[in-house]
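Asks: Just so it is clear, I am handing over model-v1.pdb, which has PDB, C-alpha atoms.
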```pdb
ATOM      1  CA  PRO A   1      74.366 141.640 171.759
ATOM      2  CA  LEU A   2      77.646 139.683 171.768
ATOM      3  CA  ALA A   3      76.006 136.705 173.465
ATOM      4  CA  ARG A   4      73.197 136.823 170.885
ATOM      5  CA  LEU A   5      75.769 136.874 168.079
ATOM      6  CA  PHE A   6      77.437 133.770 169.509
ATOM      7  CA  HIS A   7      74.069 132.056 169.868
ATOM      8  CA  LEU A   8      73.091 132.826 166.278
ATOM      9  CA  SER A   9      76.421 131.457 165.073
ATOM     10  CA  GLY A  10      75.697 128.102 166.713
ATOM     11  CA  VAL A  11      77.121 128.432 170.225
ATOM     12  CA  PRO A  12      74.735 126.844 172.784
ATOM     13  CA  LYS A  13      73.029 129.201 175.191
ATOM     14  CA  GLY A  14      73.145 128.429 178.915
ATOM     15  CA  ASP A  15      74.441 125.327 180.720
ATOM     16  CA  LYS A  16      76.181 123.193 178.084
ATOM     17  CA  VAL A  17      76.194 120.090 180.306
ATOM     18  CA  LEU A  18      72.379 120.039 180.144
ATOM     19  CA  GLN A  19      71.806 120.627 176.454
ATOM     20  CA  LYS A  20      72.717 119.378 173.019
ATOM     21  CA  THR A  21      76.064 120.621 171.789
ATOM     22  CA  LEU A  22      77.279 120.112 168.217
ATOM     23  CA  VAL A  23      79.943 121.683 166.039
ATOM     24  CA  PRO A  24      78.080 124.302 163.935
ATOM     25  CA  SER A  25      77.500 123.310 160.317
ATOM     26  CA  TRP A  26      79.313 126.431 159.066
ATOM     27  CA  ILE A  27      82.462 125.108 160.769
ATOM     28  CA  MET A  28      82.076 121.484 159.655
ATOM     29  CA  GLY A  29      81.533 122.680 156.084
ATOM     30  CA  GLY A  30      83.955 125.585 156.253
ATOM     31  CA  GLY A  31      87.448 126.038 154.898
ATOM     32  CA  LYS A  32      90.613 124.761 156.534
ATOM     33  CA  GLU A  33      91.366 128.105 158.190
ATOM     34  CA  VAL A  34      87.931 128.148 159.838
ATOM     35  CA  LYS A  35      88.349 124.590 161.119
ATOM     36  CA  GLN A  36      91.867 125.313 162.342
ATOM     37  CA  ALA A  37      90.719 128.415 164.237
ATOM     38  CA  PHE A  38      87.907 126.445 165.885
ATOM     39  CA  LEU A  39      90.165 123.571 166.935
ATOM     40  CA  SER A  40      92.910 125.937 168.106
ATOM     41  CA  SER A  41      90.461 127.728 170.371
ATOM     42  CA  LEU A  42      88.885 124.522 171.662
ATOM     43  CA  PHE A  43      92.194 122.764 172.314
ATOM     44  CA  GLY A  44      93.764 125.823 173.872
ATOM     45  CA  ASN A  45      91.050 125.699 176.518
ATOM     46  CA  GLU A  46      90.207 122.007 176.824
ATOM     47  CA  LEU A  47      92.942 119.676 175.494
ATOM     48  CA  GLN A  48      95.655 118.409 177.802
ATOM     49  CA  CYS A  49      99.087 119.646 176.756
ATOM     50  CA  PRO A  50     101.281 116.849 175.327
ATOM     51  CA  ARG A  51     104.481 116.265 177.281
ATOM     52  CA  LEU A  52     107.581 114.130 177.003
ATOM     53  CA  ARG A  53     107.650 110.911 178.998
ATOM     54  CA  PHE A  54     110.432 108.675 180.257
ATOM     55  CA  SER A  55     110.791 104.897 180.587
ATOM     56  CA  CYS A  56     108.502 104.172 177.642
ATOM     57  CA  LYS A  57     108.825 103.764 173.896
ATOM     58  CA  ASN A  58     106.441 106.549 172.870
ATOM     59  CA  ALA A  59     108.105 109.844 173.674
ATOM     60  CA  PHE A  60     104.895 111.783 174.282
ATOM     61  CA  SER A  61     101.914 111.410 176.537
ATOM     62  CA  SER A  62      98.453 110.901 175.004
ATOM     63  CA  PRO A  63      96.549 114.156 175.601
ATOM     64  CA  GLN A  64      92.835 113.723 176.269
ATOM     65  CA  LEU A  65      89.859 115.792 175.204
ATOM     66  CA  GLY A  66      86.758 115.136 177.276
ATOM     67  CA  PHE A  67      83.542 116.698 178.509
ATOM     68  CA  HIS A  68      80.680 115.899 180.873
ATOM     69  CA  LYS A  69      77.018 115.478 179.991
ATOM     70  CA  VAL A  70      74.089 114.610 182.206
ATOM     71  CA  GLU A  71      72.665 111.130 181.775
ATOM     72  CA  GLY A  72      70.175 111.171 178.939
ATOM     73  CA  ASN A  73      72.210 113.596 176.830
ATOM     74  CA  GLU A  74      75.263 111.380 176.456
ATOM     75  CA  CYS A  75      74.533 110.461 172.813
ATOM     76  CA  ASP A  76      74.743 114.145 171.887
ATOM     77  CA  LEU A  77      78.211 114.378 173.420
ATOM     78  CA  LYS A  78      79.391 111.334 171.491
ATOM     79  CA  ILE A  79      78.254 112.984 168.244
ATOM     80  CA  PHE A  80      80.104 116.190 169.189
ATOM     81  CA  LEU A  81      83.328 114.299 169.956
ATOM     82  CA  SER A  82      82.949 112.337 166.721
ATOM     83  CA  GLN A  83      82.754 115.628 164.841
ATOM     84  CA  ILE A  84      85.998 116.763 166.483
ATOM     85  CA  LYS A  85      87.650 113.505 165.456
ATOM     86  CA  ILE A  86      86.520 114.036 161.854
ATOM     87  CA  LEU A  87      88.053 117.514 161.848
ATOM     88  CA  LEU A  88      91.293 116.149 163.297
ATOM     89  CA  GLU A  89      91.531 113.577 160.525
ATOM     90  CA  GLU A  90      91.464 116.388 157.980
ATOM     91  CA  PHE A  91      94.680 117.683 159.559
ATOM     92  CA  GLY A  92      96.329 114.253 159.662
ATOM     93  CA  VAL A  93      95.941 113.849 163.434
ATOM     94  CA  ASN A  94      94.912 110.387 164.645
ATOM     95  CA  SER A  95      92.907 109.751 167.801
ATOM     96  CA  SER A  96      91.467 106.887 169.821
ATOM     97  CA  GLU A  97      87.921 105.617 170.025
ATOM     98  CA  ILE A  98      85.529 107.582 172.238
ATOM     99  CA  SER A  99      85.277 106.150 175.750
ATOM    100  CA  PHE A 100      83.351 106.688 178.972
ATOM    101  CA  ASP A 101      85.239 107.481 182.145
ATOM    102  CA  ASN A 102      83.628 104.898 184.410
ATOM    103  CA  SER A 103      85.771 105.722 187.429
ATOM    104  CA  TYR A 104      83.255 108.243 188.747
ATOM    105  CA  LYS A 105      80.116 110.269 188.095
ATOM    106  CA  SER A 106      79.859 113.879 189.155
ATOM    107  CA  VAL A 107      76.768 114.973 191.073
ATOM    108  CA  ARG A 108      75.603 118.460 190.142
ATOM    109  CA  LYS A 109      73.991 120.919 192.528
ATOM    110  CA  ASP A 110      70.626 120.154 190.904
ATOM    111  CA  GLY A 111      71.092 116.477 191.770
ATOM    112  CA  LEU A 112      71.634 115.275 188.193
ATOM    113  CA  LEU A 113      74.470 112.873 187.444
ATOM    114  CA  ALA A 114      77.002 113.700 184.729
ATOM    115  CA  ARG A 115      79.500 111.354 183.134
ATOM    116  CA  LYS A 116      82.620 112.145 181.163
ATOM    117  CA  GLN A 117      83.296 110.966 177.613
ATOM    118  CA  TYR A 118      86.692 111.475 176.032
ATOM    119  CA  PHE A 119      89.152 110.441 173.375
ATOM    120  CA  SER A 120      92.947 110.594 173.301
ATOM    121  CA  ILE A 121      95.355 111.896 170.699
ATOM    122  CA  ASP A 122      97.656 109.142 169.428
ATOM    123  CA  SER A 123     100.990 109.626 171.219
ATOM    124  CA  LYS A 124     103.298 108.553 168.381
ATOM    125  CA  ALA A 125     105.846 111.243 167.620
ATOM    126  CA  LYS A 126     104.740 111.887 164.031
ATOM    127  CA  ASN A 127     101.134 112.347 165.151
ATOM    128  CA  ILE A 128     102.013 114.759 167.960
ATOM    129  CA  LEU A 129     104.148 116.757 165.549
ATOM    130  CA  ASN A 130     101.196 116.922 163.143
ATOM    131  CA  LEU A 131      99.058 118.271 165.974
ATOM    132  CA  TYR A 132     101.744 120.823 166.844
ATOM    133  CA  ASN A 133     102.238 122.036 163.270
ATOM    134  CA  GLU A 134      98.641 121.929 162.054
ATOM    135  CA  ILE A 135      96.639 123.066 165.086
ATOM    136  CA  PRO A 136      98.702 125.513 167.158
ATOM    137  CA  PHE A 137      97.336 126.678 170.500
ATOM    138  CA  LYS A 138      96.948 130.239 169.244
ATOM    139  CA  TYR A 139      94.678 131.436 172.029
ATOM    140  CA  ALA A 140      96.413 129.880 175.054
ATOM    141  CA  ALA A 141      99.848 131.466 175.401
ATOM    142  CA  GLU A 142     100.971 129.543 178.489
ATOM    143  CA  LYS A 143      99.941 126.163 177.098
ATOM    144  CA  LYS A 144     101.481 126.980 173.712
ATOM    145  CA  LEU A 145     104.765 127.828 175.435
ATOM    146  CA  ARG A 146     104.766 124.475 177.273
ATOM    147  CA  PHE A 147     104.030 122.629 174.029
ATOM    148  CA  ASP A 148     106.804 124.566 172.230
ATOM    149  CA  GLN A 149     109.280 123.545 174.921
ATOM    150  CA  GLU A 150     108.355 119.850 174.766
ATOM    151  CA  ILE A 151     108.600 119.739 170.963
ATOM    152  CA  ASN A 152     111.934 121.574 170.968
ATOM    153  CA  LYS A 153     113.370 119.094 173.490
ATOM    154  CA  PHE A 154     112.260 116.213 171.311
ATOM    155  CA  LEU A 155     113.626 117.621 168.053
ATOM    156  CA  LYS A 156     116.926 118.579 169.677
ATOM    157  CA  ASN A 157     117.521 115.070 170.996
ATOM    158  CA  LYS A 158     115.873 112.788 168.430
ATOM    159  CA  ASP A 159     119.230 111.641 166.997
ATOM    160  CA  VAL A 160     120.403 110.782 170.492
ATOM    161  CA  TYR A 161     117.205 108.804 171.078
ATOM    162  CA  LYS A 162     117.750 106.895 167.830
ATOM    163  CA  LYS A 163     121.279 105.933 168.829
ATOM    164  CA  ASP A 164     120.099 104.955 172.319
ATOM    165  CA  TRP A 165     117.505 102.569 170.845
ATOM    166  CA  GLU A 166     120.112 100.919 168.636
ATOM    167  CA  ILE A 167     122.369 100.393 171.652
ATOM    168  CA  TYR A 168     119.453  99.348 173.863
ATOM    169  CA  GLU A 169     118.451  96.559 171.459
ATOM    170  CA  LYS A 170     122.042  95.252 171.373
ATOM    171  CA  VAL A 171     122.298  95.430 175.168
ATOM    172  CA  MET A 172     119.064  93.546 175.776
ATOM    173  CA  GLN A 173     119.996  90.867 173.235
ATOM    174  CA  MET A 174     123.388  90.365 174.882
ATOM    175  CA  HIS A 175     121.775  90.278 178.316
ATOM    176  CA  SER A 176     119.266  87.642 177.147
ATOM    177  CA  ASN A 177     122.294  85.564 176.117
ATOM    178  CA  GLY A 178     123.536  85.620 179.715
ATOM    179  CA  LEU A 179     125.973  88.538 179.741
ATOM    180  CA  GLY A 180     126.073  90.990 182.653
ATOM    181  CA  ARG A 181     126.134  94.768 182.456
ATOM    182  CA  ARG A 182     129.889  95.133 182.984
ATOM    183  CA  VAL A 183     130.762  92.652 180.246
ATOM    184  CA  ILE A 184     128.242  94.244 177.863
ATOM    185  CA  PHE A 185     129.614  97.708 178.543
ATOM    186  CA  LYS A 186     133.183  96.549 177.925
ATOM    187  CA  GLN A 187     132.409  94.592 174.758
ATOM    188  CA  LEU A 188     130.435  97.433 173.181
ATOM    189  CA  ASN A 189     133.187  99.936 174.083
ATOM    190  CA  LEU A 190     130.675 102.643 175.008
ATOM    191  CA  PRO A 191     131.172 106.085 176.620
ATOM    192  CA  GLN A 192     131.000 106.091 180.415
ATOM    193  CA  LYS A 193     127.474 107.553 180.523
ATOM    194  CA  TYR A 194     126.135 104.334 178.979
ATOM    195  CA  PHE A 195     127.292 102.268 181.950
ATOM    196  CA  TYR A 196     124.524 103.864 184.014
ATOM    197  CA  LYS A 197     122.014 103.642 181.166
ATOM    198  CA  ILE A 198     122.720  99.934 180.760
ATOM    199  CA  ASN A 199     122.181  99.443 184.470
ATOM    200  CA  ALA A 200     118.806 101.249 184.291
ATOM    201  CA  TRP A 201     117.745  99.286 181.185
ATOM    202  CA  ILE A 202     118.606  95.877 182.615
ATOM    203  CA  HIS A 203     117.746  96.244 186.281
ATOM    204  CA  TYR A 204     114.980  98.871 186.376
ATOM    205  CA  GLY A 205     113.135  98.287 183.113
ATOM    206  CA  HIS A 206     113.879 101.751 181.737
ATOM    207  CA  LYS A 207     113.817 102.383 177.982
ATOM    208  CA  PRO A 208     115.046 105.193 175.743
ATOM    209  CA  LEU A 209     112.573 107.734 174.440
ATOM    210  CA  HIS A 210     110.890 107.000 171.123
ATOM    211  CA  TYR A 211     112.528 108.888 168.281
ATOM    212  CA  SER A 212     110.900 107.865 164.996
ATOM    213  CA  LEU A 213     109.018 110.485 162.972
ATOM    214  CA  ASN A 214     107.595 107.768 160.712
ATOM    215  CA  GLN A 215     105.664 105.808 163.343
TER     216      GLN A 215
END
```
As structure tokens, what does this structure read like?

Replies:
Amino acid sequence: PLARLFHLSGVPKGDKVLQKTLVPSWIMGGGKEVKQAFLSSLFGNELQCPRLRFSCKNAFSSPQLGFHKVEGNECDLKIFLSQIKILLEEFGVNSSEISFDNSYKSVRKDGLLARKQYFSIDSKAKNILNLYNEIPFKYAAEKKLRFDQEINKFLKNKDVYKKDWEIYEKVMQMHSNGLGRRVIFKQLNLPQKYFYKINAWIHYGHKPLHYSLNQ
């Protein structure tokens, strides 16, 4: 009875890798709460959890959403992913173009080959915060907790990141003019902790985390 209810509401019956899968019309044409509930459930199960990164300008990783389909049904999967992207746009969340993962094909027990298609969520801070605020992982407590922790770290330190970028740009400009790390540190009259940051920036290619909520 429950399985029949799901099927009547638009959920595919049986092996989803083998058959056409689309977002049901009652969701695509539904209200914002319906769309949010659908995306929250889907992302709680299938979307990679965004995380903070180091040594790069964008603070967050680009979480991917992807699925496999057997060869011959790949157009259906592209339509499904396109529908998800349309729903995301309604919540102000930007994503990449849909791509094939050409690194491998999985061979099923029935001998059919399946390939993965996916898209990524734009990793800019404002976009990840939109994802966090608009589409919470309501039905995946552990993943929601991890996401909460990453966002809280970012918000707690964003002013520090902003200051670090201002100093970083000065440091790299001075270094391009021929000054060494010790001279730069002395001329800028920075706290001791920046001596080690300057060393990492100049000699190891490290960068501060991205801080801007407007990019």

Asks: Using all atoms listed in the file for the distances, tell me which of A:Asn189, A:Asn130, A:Ser61, A:Ser103 is nearest to Cys49 of chain A.

Replies: A:Ser61

Asks: Identify which of the residues A:Lys158, A:Lys163, A:Arg115, A:Arg53 lies closest to Asn73 of chain A, counting all atoms listed in the file when measuring atom-to-atom distances.

Replies: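 The answer is A:Arg115, which sits nearest to Asn73 of chain A.
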
Asks: Rounded to one decimal place, report the atom CA of Ser123 of chain A-atom CA of Leu155 of chain A distance in Å.

Replies: 15.3 Å

Asks: What residues have an atom no more than 12 Å from (79.3, 121.8, 163.8) in the file's own frame, counting all atoms listed in the file, and can you write them as a PyMOL selection string?

Replies: chain A and resi 9-12+20-30+34-35+38-39+79-87

Asks: Find the spatial neighbours of Glu169 of chain A, counting all atoms listed in the file, within a cut-off of 12 Å - ignore same-chain residues fewer than 2 positions away - and output them as JSON, numbers by chain.

Replies: {"A": [162, 163, 164, 165, 166, 167, 171, 172, 173, 174, 175, 176, 184, 198, 201, 202, 207, 208]}

Asks: Quick one: everything within 12 Å of Leu42 of chain A, counting all atoms listed in the file, minus sequence neighbours fewer than 2 positions away in the same chain. Send it as a PyMOL selection string.

Replies: chain A and resi 23+35-40+44-48+65-67+81+84+135-140

Asks: Looking at all atoms listed in the file, which of A:Ala114, A:Ile121, A:Ala59, A:Leu190 is the one that sits closest to Ser96 of chain A?

Replies: A:Ile121

Asks: Name the closest residue to Pro50 of chain A among the candidates A:Val183, A:Ala125, A:Ala200, A:Val160; distances are taken between atoms, counting all atoms listed in the file.

Replies: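 Nearest to Pro50 of chain A: A:Ala125.
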
Asks: I need the residue nearest Ser95 of chain A from this list: A:His206, A:Asn127, A:Leu113, A:Leu77. Use all atoms listed in the file for the distance.

Replies: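 Checking each of A:His206, A:Asn127, A:Leu113, A:Leu77 against Ser95 of chain A, counting all atoms listed in the file, the winner is A:Asn127.
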
Asks: Could you check the closest approach to Phe100 of chain A for each of A:Lys170, A:Lys124, A:Lys197, A:Lys69 and tell me which residue wins, using only C-alpha atoms?

Replies: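 Once distances to Phe100 of chain A are computed over only C-alpha atoms, the minimum belongs to A:Lys69.
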